[in-house]
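Note: the block below is final10.txt and it holds compact mmCIF, C-alpha atoms and all ligand atoms.
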```txt
# COMPACT_ATOMS: atom_id res chain seq x y z
CA MET Z 1 -164.15 35.39 22.12
CA THR Z 2 -167.45 34.38 20.56
CA GLU Z 3 -169.46 36.22 17.95
CA LYS Z 4 -171.48 39.18 19.21
CA ILE Z 5 -174.78 38.26 20.84
CA SER Z 6 -177.47 40.86 20.92
CA THR Z 7 -179.61 41.57 23.95
CA LYS Z 8 -181.08 44.89 23.00
CA GLU Z 9 -182.98 44.92 19.69
CA PHE Z 10 -185.87 42.80 20.66
CA SER Z 11 -189.05 44.76 21.21
CA ALA Z 12 -190.95 42.50 18.78
CA GLY Z 13 -190.37 38.95 17.53
CA SER Z 14 -189.90 38.38 13.82
CA SER Z 15 -193.44 37.03 13.79
CA GLY Z 16 -194.51 40.65 14.32
CA ASP Z 17 -196.35 39.93 17.57
CA GLN Z 18 -195.52 42.17 20.45
CA ILE Z 19 -193.73 40.17 23.14
CA PRO Z 20 -194.34 41.29 26.72
CA THR Z 21 -191.33 42.72 28.55
CA LEU Z 22 -190.94 41.73 32.19
CA THR Z 23 -189.55 44.33 34.54
CA LEU Z 24 -186.95 43.72 37.21
CA LYS Z 25 -189.25 45.28 39.77
CA GLU Z 26 -192.16 42.88 39.22
CA LEU Z 27 -189.81 39.88 39.01
CA GLU Z 28 -188.05 40.81 42.23
CA ALA Z 29 -191.42 41.14 44.01
CA ASP Z 30 -192.84 37.71 43.06
CA PRO Z 31 -191.17 35.82 40.21
CA HIS Z 32 -193.41 32.73 40.44
CA ALA Z 33 -196.55 34.83 40.10
CA VAL Z 34 -195.11 36.75 37.15
CA PHE Z 35 -194.07 33.58 35.30
CA ARG Z 36 -197.44 31.98 36.08
CA GLY Z 37 -199.26 35.04 34.77
CA TYR Z 38 -197.53 34.98 31.38
CA ARG Z 39 -196.84 31.27 30.81
CA LYS Z 40 -200.26 30.25 29.43
CA GLN Z 41 -200.46 33.02 26.84
CA HIS Z 42 -196.80 33.56 26.04
CA PRO Z 43 -194.22 30.82 25.53
CA VAL Z 44 -191.53 33.50 25.36
CA VAL Z 45 -191.17 36.89 27.08
CA LEU Z 46 -188.50 39.56 27.12
CA HIS Z 47 -186.57 40.79 30.14
CA GLU Z 48 -185.95 44.52 30.44
CA SER Z 49 -182.32 43.89 31.41
CA GLY Z 50 -181.41 41.27 28.89
CA GLY Z 51 -182.66 38.79 26.35
CA TYR Z 52 -185.52 36.34 26.06
CA PHE Z 53 -187.02 34.04 28.69
CA VAL Z 54 -188.56 30.70 27.61
CA LEU Z 55 -191.24 29.82 30.18
CA ARG Z 56 -192.91 26.47 29.42
CA PHE Z 57 -191.59 23.08 30.52
CA SER Z 58 -192.07 21.43 27.10
CA ASP Z 59 -190.09 24.22 25.37
CA VAL Z 60 -187.33 24.37 27.99
CA ASP Z 61 -186.93 20.59 27.84
CA ARG Z 62 -186.94 20.43 24.03
CA LEU Z 63 -184.84 23.51 23.28
CA SER Z 64 -182.18 22.56 25.80
CA LYS Z 65 -181.28 19.68 23.46
CA ASP Z 66 -181.66 21.75 20.30
CA PRO Z 67 -178.34 22.45 18.52
CA ARG Z 68 -179.69 25.85 17.41
CA PHE Z 69 -179.14 26.93 21.05
CA GLY Z 70 -175.45 27.22 21.89
CA PRO Z 71 -173.38 28.43 24.83
CA THR Z 72 -173.23 32.16 25.48
CA GLY Z 73 -169.46 32.73 25.33
CA THR Z 74 -168.55 36.16 26.68
CA SER Z 75 -171.88 37.81 25.92
CA PHE Z 76 -173.02 37.99 29.55
CA PRO Z 77 -170.01 39.99 30.87
CA GLU Z 78 -170.27 42.14 27.73
CA MET Z 79 -173.93 42.86 28.59
CA GLN Z 80 -172.61 44.07 31.97
CA GLY Z 81 -170.12 46.34 30.23
CA LEU Z 82 -166.97 44.21 30.77
CA ASP Z 83 -164.54 43.23 28.03
CA ASN Z 84 -161.57 42.22 30.18
CA GLY Z 85 -160.64 41.37 33.78
CA ALA Z 86 -161.21 38.37 36.03
CA MET Z 87 -164.98 38.10 35.51
CA PHE Z 88 -164.66 38.39 31.75
CA ASP Z 89 -161.88 35.78 31.77
CA MET Z 90 -164.00 33.33 33.74
CA PHE Z 91 -166.48 33.33 30.84
CA ASP Z 92 -163.74 33.38 28.21
CA HIS Z 93 -161.69 30.50 29.64
CA GLY Z 94 -164.19 28.46 31.69
CA MET Z 95 -166.12 25.35 30.63
CA LEU Z 96 -169.63 26.74 31.26
CA THR Z 97 -169.69 29.06 28.27
CA ALA Z 98 -167.39 27.11 25.92
CA ASP Z 99 -168.50 25.17 22.87
CA GLY Z 100 -167.72 21.83 21.18
CA ASP Z 101 -164.19 20.47 21.46
CA ILE Z 102 -162.98 23.36 23.59
CA HIS Z 103 -165.71 22.59 26.11
CA ARG Z 104 -164.93 18.84 26.08
CA ARG Z 105 -161.22 19.51 26.62
CA ARG Z 106 -161.90 21.80 29.58
CA ARG Z 107 -164.46 19.50 31.26
CA ALA Z 108 -162.93 16.06 30.65
CA PRO Z 109 -160.18 16.16 33.33
CA PHE Z 110 -162.86 16.55 36.04
CA SER Z 111 -165.36 13.94 34.88
CA ARG Z 112 -163.98 11.08 36.97
CA LEU Z 113 -163.58 13.16 40.15
CA PHE Z 114 -167.24 14.22 39.97
CA ALA Z 115 -168.70 10.92 38.69
CA ALA Z 116 -171.59 9.49 40.70
CA ARG Z 117 -169.60 6.40 41.75
CA ALA Z 118 -166.68 8.45 43.13
CA ILE Z 119 -169.09 10.69 45.01
CA THR Z 120 -170.93 7.71 46.55
CA GLU Z 121 -167.64 6.74 48.17
CA MET Z 122 -167.40 10.25 49.67
CA ARG Z 123 -170.85 10.09 51.30
CA PRO Z 124 -169.69 8.80 54.73
CA SER Z 125 -167.22 11.68 55.02
CA ILE Z 126 -169.83 14.21 53.81
CA ARG Z 127 -172.21 12.84 56.46
CA ARG Z 128 -169.52 13.19 59.14
CA THR Z 129 -168.94 16.80 58.07
CA ALA Z 130 -172.66 17.50 58.55
CA GLU Z 131 -172.75 15.75 61.94
CA ASN Z 132 -169.66 17.59 63.19
CA LEU Z 133 -171.16 20.93 62.20
CA ILE Z 134 -174.39 20.12 64.06
CA GLU Z 135 -172.49 19.08 67.18
CA GLY Z 136 -170.66 22.42 67.09
CA TRP Z 137 -173.87 24.34 67.94
CA TYR Z 138 -176.37 21.69 69.10
CA GLY Z 139 -175.93 22.57 72.78
CA ASP Z 140 -176.84 26.24 72.11
CA GLY Z 141 -180.46 25.38 71.27
CA LYS Z 142 -180.46 27.92 68.42
CA VAL Z 143 -178.49 28.65 65.28
CA ASP Z 144 -178.14 31.05 62.41
CA PHE Z 145 -178.63 28.13 60.03
CA PHE Z 146 -177.71 29.87 56.81
CA ASP Z 147 -174.26 30.93 58.03
CA GLU Z 148 -173.47 28.15 60.48
CA PHE Z 149 -174.59 25.16 58.44
CA ALA Z 150 -175.82 25.85 54.90
CA ALA Z 151 -172.75 27.94 54.03
CA GLN Z 152 -170.31 25.63 55.81
CA MET Z 153 -171.23 22.32 54.14
CA PRO Z 154 -170.38 23.12 50.50
CA ALA Z 155 -167.32 25.16 51.49
CA ARG Z 156 -165.89 22.27 53.53
CA VAL Z 157 -166.68 19.67 50.88
CA ILE Z 158 -165.08 21.71 48.08
CA ALA Z 159 -162.06 22.50 50.31
CA ASP Z 160 -161.59 18.78 51.05
CA LEU Z 161 -162.04 17.85 47.38
CA PHE Z 162 -159.32 20.22 46.20
CA GLY Z 163 -157.15 20.03 49.33
CA LEU Z 164 -157.69 23.72 50.19
CA PRO Z 165 -156.74 24.54 53.79
CA ARG Z 166 -159.85 24.65 56.02
CA GLU Z 167 -158.59 27.93 57.52
CA ASP Z 168 -158.94 29.53 54.05
CA ILE Z 169 -162.71 28.89 54.01
CA PRO Z 170 -163.94 32.20 55.49
CA ALA Z 171 -161.84 34.24 53.06
CA PHE Z 172 -162.50 32.32 49.86
CA THR Z 173 -166.22 31.89 50.52
CA LEU Z 174 -166.66 35.66 50.96
CA LEU Z 175 -165.02 36.16 47.57
CA VAL Z 176 -167.20 33.46 45.99
CA TYR Z 177 -170.43 34.99 47.35
CA GLU Z 178 -169.42 38.32 45.83
CA VAL Z 179 -168.52 36.71 42.49
CA THR Z 180 -171.82 34.79 42.26
CA LYS Z 181 -173.76 38.08 42.49
CA PHE Z 182 -172.57 38.58 38.93
CA PHE Z 183 -175.08 35.93 37.77
CA SER Z 184 -178.05 38.27 38.14
CA PHE Z 185 -179.68 41.24 36.44
CA GLY Z 186 -179.97 44.84 37.59
CA LEU Z 187 -176.39 45.31 38.85
CA THR Z 188 -175.13 48.87 39.31
CA PRO Z 189 -171.64 49.97 38.16
CA ASP Z 190 -170.62 49.94 41.85
CA ASP Z 191 -171.84 46.35 42.22
CA ILE Z 192 -169.88 45.34 39.16
CA SER Z 193 -166.68 46.97 40.31
CA GLY Z 194 -166.99 45.23 43.74
CA ILE Z 195 -167.62 41.89 42.00
CA GLU Z 196 -164.66 42.40 39.66
CA LYS Z 197 -162.40 43.18 42.63
CA ALA Z 198 -163.51 39.96 44.38
CA GLY Z 199 -163.03 38.04 41.10
CA GLN Z 200 -159.47 39.34 40.87
CA GLN Z 201 -158.73 38.30 44.47
CA LEU Z 202 -160.24 34.87 43.94
CA ARG Z 203 -158.14 34.48 40.81
CA GLU Z 204 -155.01 35.34 42.82
CA TYR Z 205 -156.00 32.85 45.52
CA VAL Z 206 -156.51 30.00 43.00
CA ASP Z 207 -153.24 30.96 41.30
CA GLU Z 208 -151.37 30.67 44.62
CA ILE Z 209 -152.94 27.28 45.40
CA LEU Z 210 -151.98 25.95 41.97
CA ASP Z 211 -148.47 27.35 42.22
CA GLU Z 212 -147.97 25.74 45.59
CA ARG Z 213 -149.18 22.39 44.26
CA ARG Z 214 -146.86 22.60 41.25
CA ARG Z 215 -143.92 23.24 43.57
CA ARG Z 216 -144.94 20.59 46.13
CA PRO Z 217 -147.16 17.90 44.53
CA ARG Z 218 -148.95 15.72 47.10
CA GLY Z 219 -150.49 12.95 45.05
CA ASP Z 220 -153.97 14.48 45.49
CA PHE Z 221 -156.45 15.39 42.74
CA LEU Z 222 -155.01 18.85 42.04
CA SER Z 223 -151.43 17.56 41.82
CA THR Z 224 -152.42 14.77 39.41
CA PHE Z 225 -154.54 17.16 37.34
CA LEU Z 226 -151.71 19.68 37.04
CA ALA Z 227 -149.16 17.02 36.06
CA ALA Z 228 -151.53 15.56 33.42
CA ALA Z 229 -152.34 19.04 32.06
CA ALA Z 230 -148.63 19.91 31.81
CA GLU Z 231 -147.87 16.63 30.06
CA SER Z 232 -150.68 16.84 27.49
CA GLY Z 233 -150.17 20.59 26.91
CA GLU Z 234 -153.86 20.79 25.91
CA MET Z 235 -154.84 23.57 28.29
CA SER Z 236 -153.37 27.05 28.60
CA PRO Z 237 -152.39 28.27 32.11
CA GLU Z 238 -155.48 30.53 32.06
CA GLU Z 239 -157.74 27.60 31.19
CA ILE Z 240 -156.26 25.50 34.00
CA LEU Z 241 -156.81 28.31 36.49
CA TYR Z 242 -160.34 29.15 35.40
CA GLN Z 243 -161.64 25.56 35.51
CA ILE Z 244 -160.69 25.38 39.21
CA PHE Z 245 -162.01 28.92 39.74
CA GLN Z 246 -165.31 27.94 38.12
CA LEU Z 247 -165.63 24.70 40.09
CA ILE Z 248 -165.10 26.56 43.38
CA VAL Z 249 -167.63 29.21 42.35
CA GLY Z 250 -170.13 26.66 40.95
CA GLY Z 251 -169.93 24.40 43.97
CA THR Z 252 -170.33 26.88 46.82
CA ASP Z 253 -173.29 29.27 46.62
CA THR Z 254 -175.65 27.04 44.58
CA THR Z 255 -175.62 24.36 47.26
CA ARG Z 256 -175.65 26.84 50.18
CA VAL Z 257 -178.99 28.22 49.01
CA ALA Z 258 -180.41 24.74 48.27
CA ILE Z 259 -179.47 23.38 51.73
CA ALA Z 260 -181.17 26.32 53.44
CA MET Z 261 -184.31 26.15 51.32
CA GLN Z 262 -184.93 22.42 51.70
CA VAL Z 263 -184.87 22.65 55.51
CA ALA Z 264 -187.02 25.81 55.49
CA LEU Z 265 -189.63 24.29 53.16
CA LEU Z 266 -189.89 21.12 55.22
CA LEU Z 267 -190.23 23.05 58.49
CA GLN Z 268 -192.98 25.10 56.85
CA HIS Z 269 -194.76 21.82 55.98
CA ARG Z 270 -194.58 20.19 59.37
CA ASP Z 271 -196.30 16.90 58.43
CA GLN Z 272 -193.75 16.33 55.67
CA TRP Z 273 -190.89 17.23 58.04
CA ALA Z 274 -192.21 14.62 60.52
CA GLU Z 275 -192.22 12.07 57.76
CA VAL Z 276 -188.60 12.81 56.75
CA CYS Z 277 -187.60 12.44 60.42
CA ARG Z 278 -189.48 9.14 60.69
CA ASP Z 279 -188.45 7.62 57.37
CA PRO Z 280 -184.92 8.17 55.97
CA ALA Z 281 -186.10 6.70 52.65
CA SER Z 282 -188.15 9.87 52.06
CA VAL Z 283 -185.06 12.13 52.08
CA SER Z 284 -184.25 11.78 48.39
CA GLY Z 285 -187.82 12.71 47.29
CA ALA Z 286 -187.79 15.66 49.70
CA VAL Z 287 -184.52 16.98 48.23
CA THR Z 288 -185.85 16.61 44.67
CA GLU Z 289 -189.09 18.41 45.48
CA ALA Z 290 -187.37 21.26 47.36
CA MET Z 291 -185.12 21.89 44.34
CA ARG Z 292 -188.21 22.00 42.10
CA PHE Z 293 -190.30 24.21 44.36
CA GLU Z 294 -187.69 26.87 45.18
CA PRO Z 295 -184.63 26.23 42.99
CA SER Z 296 -181.27 27.75 43.94
CA VAL Z 297 -180.45 28.24 40.26
CA ALA Z 298 -183.22 29.76 38.18
CA GLY Z 299 -182.32 28.86 34.60
CA VAL Z 300 -179.75 28.03 31.97
CA ALA Z 301 -178.39 30.58 29.53
CA ARG Z 302 -178.06 29.94 25.82
CA ALA Z 303 -177.55 31.91 22.58
CA THR Z 304 -179.54 31.28 19.40
CA ARG Z 305 -177.40 30.24 16.43
CA GLU Z 306 -180.28 30.89 13.99
CA ASP Z 307 -183.90 32.09 14.07
CA VAL Z 308 -185.99 29.72 16.20
CA ASP Z 309 -189.78 29.52 16.29
CA VAL Z 310 -191.00 28.85 19.83
CA GLY Z 311 -194.76 28.28 19.89
CA GLY Z 312 -195.34 30.94 17.20
CA THR Z 313 -192.84 33.49 18.53
CA VAL Z 314 -189.61 33.74 16.57
CA ILE Z 315 -186.43 34.36 18.56
CA PRO Z 316 -183.97 35.80 16.04
CA ALA Z 317 -180.44 34.45 15.62
CA GLY Z 318 -177.72 35.75 17.93
CA GLN Z 319 -179.94 36.41 20.96
CA PHE Z 320 -179.27 35.78 24.65
CA VAL Z 321 -181.91 33.35 25.90
CA THR Z 322 -182.71 32.09 29.40
CA LEU Z 323 -184.40 28.70 29.45
CA SER Z 324 -186.25 29.36 32.68
CA THR Z 325 -186.16 26.07 34.59
CA MET Z 326 -187.66 28.01 37.51
CA SER Z 327 -190.79 28.75 35.47
CA ALA Z 328 -190.78 25.31 33.78
CA MET Z 329 -190.77 23.49 37.14
CA ARG Z 330 -194.02 25.27 38.10
CA ASP Z 331 -195.68 24.67 34.72
CA GLU Z 332 -199.19 23.31 35.23
CA MET Z 333 -198.95 21.48 31.89
CA ALA Z 334 -196.07 19.35 33.25
CA TYR Z 335 -196.75 19.06 36.99
CA ASP Z 336 -199.94 18.28 38.84
CA ARG Z 337 -200.74 21.13 41.34
CA PRO Z 338 -197.31 22.72 40.73
CA ASP Z 339 -197.66 25.36 43.45
CA ILE Z 340 -198.05 22.72 46.16
CA PHE Z 341 -194.92 21.45 47.93
CA ASP Z 342 -195.23 17.66 47.95
CA ILE Z 343 -192.34 15.30 48.65
CA HIS Z 344 -194.40 12.38 47.29
CA ARG Z 345 -194.68 13.73 43.78
CA SER Z 346 -194.42 10.76 41.43
CA ASN Z 347 -194.11 12.62 38.12
CA GLN Z 348 -190.68 14.23 38.59
CA PRO Z 349 -188.62 14.02 35.37
CA ARG Z 350 -185.82 11.42 35.45
CA LEU Z 351 -183.20 14.18 35.06
CA HIS Z 352 -183.86 17.07 37.42
CA PRO Z 353 -184.20 20.24 35.28
CA ILE Z 354 -182.45 22.35 37.93
CA PHE Z 355 -179.06 20.96 36.84
CA GLY Z 356 -179.44 21.97 33.19
CA TYR Z 357 -179.08 19.84 30.13
CA GLY Z 358 -176.84 18.25 27.53
CA ALA Z 359 -173.09 18.69 27.39
CA HIS Z 360 -173.18 21.45 30.02
CA ARG Z 361 -175.38 19.62 32.54
CA CYS Z 362 -173.99 20.41 35.98
CA ILE Z 363 -170.77 18.49 36.57
CA GLY Z 364 -171.35 18.84 40.32
CA GLU Z 365 -174.83 17.24 40.38
CA ALA Z 366 -173.79 14.07 42.24
CA ILE Z 367 -171.84 15.98 44.86
CA ALA Z 368 -174.63 18.53 45.31
CA ARG Z 369 -177.17 15.73 45.82
CA ALA Z 370 -174.85 13.97 48.26
CA GLU Z 371 -174.45 17.19 50.28
CA LEU Z 372 -178.17 17.92 50.24
CA GLU Z 373 -179.24 14.39 51.19
CA GLU Z 374 -176.58 13.81 53.84
CA SER Z 375 -177.25 17.25 55.37
CA LEU Z 376 -180.98 16.62 55.57
CA SER Z 377 -180.56 13.09 56.94
CA ALA Z 378 -178.13 14.26 59.61
CA ILE Z 379 -180.36 17.16 60.72
CA ALA Z 380 -183.57 15.11 60.74
CA ALA Z 381 -181.90 12.35 62.76
CA ARG Z 382 -180.35 14.68 65.36
CA ILE Z 383 -182.88 17.52 65.76
CA PRO Z 384 -186.41 16.40 64.80
CA GLN Z 385 -187.76 18.97 67.31
CA LEU Z 386 -186.44 21.89 65.16
CA THR Z 387 -188.48 25.09 64.94
CA LEU Z 388 -188.18 27.66 62.18
CA ASP Z 389 -188.03 31.00 64.05
CA VAL Z 390 -187.02 33.26 61.16
CA PRO Z 391 -187.89 31.84 57.72
CA PRO Z 392 -185.51 32.80 54.93
CA LYS Z 393 -186.66 35.04 52.11
CA ILE Z 394 -185.57 33.73 48.72
CA SER Z 395 -185.29 36.10 45.76
CA GLY Z 396 -183.94 36.13 42.23
CA HIS Z 397 -185.19 34.78 38.90
CA PHE Z 398 -182.01 34.32 36.85
CA GLY Z 399 -178.71 32.61 37.69
CA ILE Z 400 -178.02 31.87 41.35
CA ARG Z 401 -180.83 32.97 43.66
CA ARG Z 402 -180.34 34.71 47.02
CA VAL Z 403 -181.45 33.80 50.53
CA ASP Z 404 -181.25 35.99 53.62
CA ALA Z 405 -181.01 35.08 57.31
CA MET Z 406 -182.64 31.91 58.61
CA ARG Z 407 -182.80 31.15 62.30
CA LEU Z 408 -183.73 27.86 63.95
CA SER Z 409 -184.18 26.81 67.56
CA TRP Z 410 -184.87 23.61 69.53
CA LYS Z 411 -184.75 22.21 73.05
CA PRO Z 412 -181.45 20.30 73.29
C1 LIG Z 501 -177.81 22.53 44.04
C2 LIG Z 501 -176.61 22.79 43.55
C3 LIG Z 501 -176.33 23.09 42.10
C4 LIG Z 501 -177.16 23.54 41.10
C5 LIG Z 501 -178.64 23.87 41.22
C6 LIG Z 501 -176.36 23.66 39.90
C7 LIG Z 501 -176.87 24.06 38.66
C8 LIG Z 501 -176.11 24.13 37.52
C9 LIG Z 501 -176.62 24.52 36.22
C10 LIG Z 501 -178.06 24.93 35.93
C11 LIG Z 501 -175.60 24.47 35.34
C12 LIG Z 501 -175.64 24.86 33.85
C13 LIG Z 501 -176.12 23.72 33.03
C14 LIG Z 501 -176.39 24.10 31.60
O1 LIG Z 501 -175.99 25.18 31.13
O2 LIG Z 501 -177.06 23.29 30.92
C15 LIG Z 501 -174.42 24.06 36.08
C16 LIG Z 501 -173.18 23.91 35.51
C17 LIG Z 501 -172.03 23.72 36.25
N1 LIG Z 501 -171.96 23.45 37.60
FE1 LIG Z 501 -173.51 23.27 38.88
N2 LIG Z 501 -175.08 23.32 40.21
C18 LIG Z 501 -175.01 22.95 41.52
C19 LIG Z 501 -173.89 22.49 42.19
C20 LIG Z 501 -172.62 22.43 41.67
C21 LIG Z 501 -171.46 21.93 42.36
C22 LIG Z 501 -171.48 21.31 43.76
C23 LIG Z 501 -170.39 22.12 41.52
C24 LIG Z 501 -168.93 21.80 41.70
C25 LIG Z 501 -168.40 21.27 42.76
C26 LIG Z 501 -170.89 22.72 40.29
C27 LIG Z 501 -170.13 23.08 39.20
C28 LIG Z 501 -170.64 23.37 37.96
C29 LIG Z 501 -169.81 23.59 36.77
C30 LIG Z 501 -168.29 23.62 36.70
C31 LIG Z 501 -170.69 23.79 35.70
C32 LIG Z 501 -170.33 23.99 34.23
C33 LIG Z 501 -170.46 22.63 33.52
C34 LIG Z 501 -170.19 22.69 32.02
O3 LIG Z 501 -170.37 23.74 31.42
O4 LIG Z 501 -169.81 21.66 31.45
N3 LIG Z 501 -172.25 22.88 40.41
N4 LIG Z 501 -174.76 23.85 37.40
```

Using structure tokens, write down the structure from this file.
Ligand code: HEM
Amino acid sequence: MTEKISTKEFSAGSSGDQIPTLTLKELEADPHAVFRGYRKQHPVVLHESGGYFVLRFSDVDRLSKDPRFGPTGTSFPEMQGLDNGAMFDMFDHGMLTADGDIHRRRRAPFSRLFAARAITEMRPSIRRTAENLIEGWYGDGKVDFFDEFAAQMPARVIADLFGLPREDIPAFTLLVYEVTKFFSFGLTPDDISGIEKAGQQLREYVDEILDERRRRPRGDFLSTFLAAAAESGEMSPEEILYQIFQLIVGGTDTTRVAIAMQVALLLQHRDQWAEVCRDPASVSGAVTEAMRFEPSVAGVARATREDVDVGGTVIPAGQFVTLSTMSAMRDEMAYDRPDIFDIHRSNQPRLHPIFGYGAHRCIGEAIARAELEESLSAIAARIPQLTLDVPPKISGHFGIRRVDAMRLSWKP
């Protein structure tokens, strides 16, 4: 457990200036407009449901590397009223919210599996997965793209990576989608109890998979990882379980939303879609721009270790802070015409802000990019005549964002 982080006593900064408080209602209606409205005047705002939001690119970029901002430990489940159970344990035992040596110990066993070079070798099989999915419904001339493609890609890739049976996909993905709802504000007690129930079932599922692998090792990644962990004795059984739990959770919904949004944005900008279909070299820029324009993850969470002055507003020590990459990536001080979707943007930062920063930067970045690029390439090559019949609505401004139905059609 980490020291207590406050999210409540924050109506004014220590500088004495009143800090505006954003409401859930206005943020749910149009988060980009709300962030845009405050960003020029206020580097920092408050959120009615929890903590501070840092809005400007220069601050998000700088503070993400600032040692005065640490991981959030168990403060987020505590904000939601939980002090035990599967969801609490994910924060208590997982890498995302751990600090220093504990974090390094939890993350290190996965570094090689997720390294860019290892993922490059997986690209042909990721591409085949995308092509096989497309062939499954191509002849129908229409598809519920969110369910039949965007959701399937990350689930299949993560199942193959960890050797999970493909027939388990429908069940474990439903649990994951429930669990990822936790990373948002405004949950009711009923929501939380449903999420906790799904978290418990997902925990049991991961436990069974690990047990089976311990009994019958197969020489795959999980078997090797479990043998190495047993030999070194560096990780508790709970830590072993929750790293796999967190990787399954982290690698499923984030990419599902991003795959859907990149296709939707391109189909809404038909000239840029035509270009992607014509020129495979433009795919990487299109993926980067789609993640900037409508990110699937809206920010990174941190806790202040001491008072920090952000552009004249002091965030006191011990506060829950969201570095809003979603706001930062539309900051007019960092991007030219930020509200225009443009796959030719030349001033994208070298490291994409959507994947976070520093020691906690997304371990799944290379695999996410591979899935996004191979999906887009496969779709553009096979169905350039695609039409967007029902555009998806994206919502959310913290954690993993949500997308609803998205339907496409074409003449086969
Ligand atoms: C478009 C897809 C994805 C996005 C936008 C995304 C975004 C992020 C962000 C913002 C963080 C937190 C970084 C920080 O706090 O500085 C993170 C961490 C993490 N992500 Fe991802 N992610 C994606 C895909 C994946 C995939 C495919 C996996 C696994 C297969 C994954 C697993 C994780 C894990 C385990 C962490 C915790 C890393 C740590 O604390 O050391 N993510 N991700």

- request: Have a look at CA of Ala264 in chain Z and CA of Glu148 in chain Z and let me know their distance in Å, one decimal.
  value: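 Between CA of Ala264 in chain Z and CA of Glu148 in chain Z the gap works out to 14.6 Å.
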
When the cut-off is 8 Å and you count only C-alpha atoms and all ligand atoms, which residues lie near ligand LIG 501 (chain Z), shown as a CSV table (one decimal) with C-alpha atoms, keeping the file's coordinate frame?
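Result file follows (result_5.csv):
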```csv
chain,number,residue,atom,x,y,z
Z,64,SER,CA,-182.2,22.6,25.8
Z,71,PRO,CA,-173.4,28.4,24.8
Z,94,GLY,CA,-164.2,28.5,31.7
Z,95,MET,CA,-166.1,25.4,30.6
Z,96,LEU,CA,-169.6,26.7,31.3
Z,97,THR,CA,-169.7,29.1,28.3
Z,98,ALA,CA,-167.4,27.1,25.9
Z,103,HIS,CA,-165.7,22.6,26.1
Z,104,ARG,CA,-164.9,18.8,26.1
Z,107,ARG,CA,-164.5,19.5,31.3
Z,114,PHE,CA,-167.2,14.2,40.0
Z,154,PRO,CA,-170.4,23.1,50.5
Z,158,ILE,CA,-165.1,21.7,48.1
Z,243,GLN,CA,-161.6,25.6,35.5
Z,246,GLN,CA,-165.3,27.9,38.1
Z,247,LEU,CA,-165.6,24.7,40.1
Z,248,ILE,CA,-165.1,26.6,43.4
Z,249,VAL,CA,-167.6,29.2,42.4
Z,250,GLY,CA,-170.1,26.7,41.0
Z,251,GLY,CA,-169.9,24.4,44.0
Z,252,THR,CA,-170.3,26.9,46.8
Z,253,ASP,CA,-173.3,29.3,46.6
Z,254,THR,CA,-175.6,27.0,44.6
Z,255,THR,CA,-175.6,24.4,47.3
Z,256,ARG,CA,-175.6,26.8,50.2
Z,257,VAL,CA,-179.0,28.2,49.0
Z,258,ALA,CA,-180.4,24.7,48.3
Z,259,ILE,CA,-179.5,23.4,51.7
Z,291,MET,CA,-185.1,21.9,44.3
Z,295,PRO,CA,-184.6,26.2,43.0
Z,296,SER,CA,-181.3,27.8,43.9
Z,297,VAL,CA,-180.4,28.2,40.3
Z,298,ALA,CA,-183.2,29.8,38.2
Z,299,GLY,CA,-182.3,28.9,34.6
Z,300,VAL,CA,-179.8,28.0,32.0
Z,301,ALA,CA,-178.4,30.6,29.5
Z,302,ARG,CA,-178.1,29.9,25.8
Z,353,PRO,CA,-184.2,20.2,35.3
Z,354,ILE,CA,-182.4,22.4,37.9
Z,355,PHE,CA,-179.1,21.0,36.8
Z,356,GLY,CA,-179.4,22.0,33.2
Z,357,TYR,CA,-179.1,19.8,30.1
Z,358,GLY,CA,-176.8,18.2,27.5
Z,359,ALA,CA,-173.1,18.7,27.4
Z,360,HIS,CA,-173.2,21.4,30.0
Z,361,ARG,CA,-175.4,19.6,32.5
Z,362,CYS,CA,-174.0,20.4,36.0
Z,363,ILE,CA,-170.8,18.5,36.6
Z,364,GLY,CA,-171.4,18.8,40.3
Z,365,GLU,CA,-174.8,17.2,40.4
Z,366,ALA,CA,-173.8,14.1,42.2
Z,367,ILE,CA,-171.8,16.0,44.9
Z,368,ALA,CA,-174.6,18.5,45.3
Z,369,ARG,CA,-177.2,15.7,45.8
Z,372,LEU,CA,-178.2,17.9,50.2
Z,399,GLY,CA,-178.7,32.6,37.7
```

With all atoms listed in the file counted and 8 Å as the cut-off, give the residues of range 24-130 of chain Z in contact with range 320-337 of chain Z, each with its shortest interatomic distance in Å and the pair that gives it, as a tab-separated table.
```
residue	atom	partner	partner_atom	distance
Z:His32	CA	Z:Ser327	CA	6.9
Z:Phe35	CA	Z:Ser327	CA	5.8
Z:Arg36	CA	Z:Ser327	CA	7.4
Z:Arg39	CA	Z:Asp331	CA	7.8
Z:Gly50	CA	Z:Phe320	CA	7.3
Z:Gly51	CA	Z:Phe320	CA	4.8
Z:Tyr52	CA	Z:Val321	CA	4.7
Z:Phe53	CA	Z:Thr322	CA	4.8
Z:Val54	CA	Z:Leu323	CA	5.0
Z:Leu55	CA	Z:Ser327	CA	5.4
Z:Arg56	CA	Z:Ala328	CA	5.0
Z:Phe57	CA	Z:Ala328	CA	4.0
Z:Ser58	CA	Z:Ala334	CA	7.6
Z:Val60	CA	Z:Leu323	CA	5.4
Z:Ser64	CA	Z:Leu323	CA	7.5
Z:Thr72	CA	Z:Phe320	CA	7.1
Z:Ser75	CA	Z:Phe320	CA	7.8
```

task: Could you check which of Z:Glu196, Z:Asp271, Z:Glu121, Z:Glu306 is closest to Phe88 in chain Z, using all atoms listed in the file?
output: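 Selected residue with least distance to Phe88 in chain Z: Z:Glu196.
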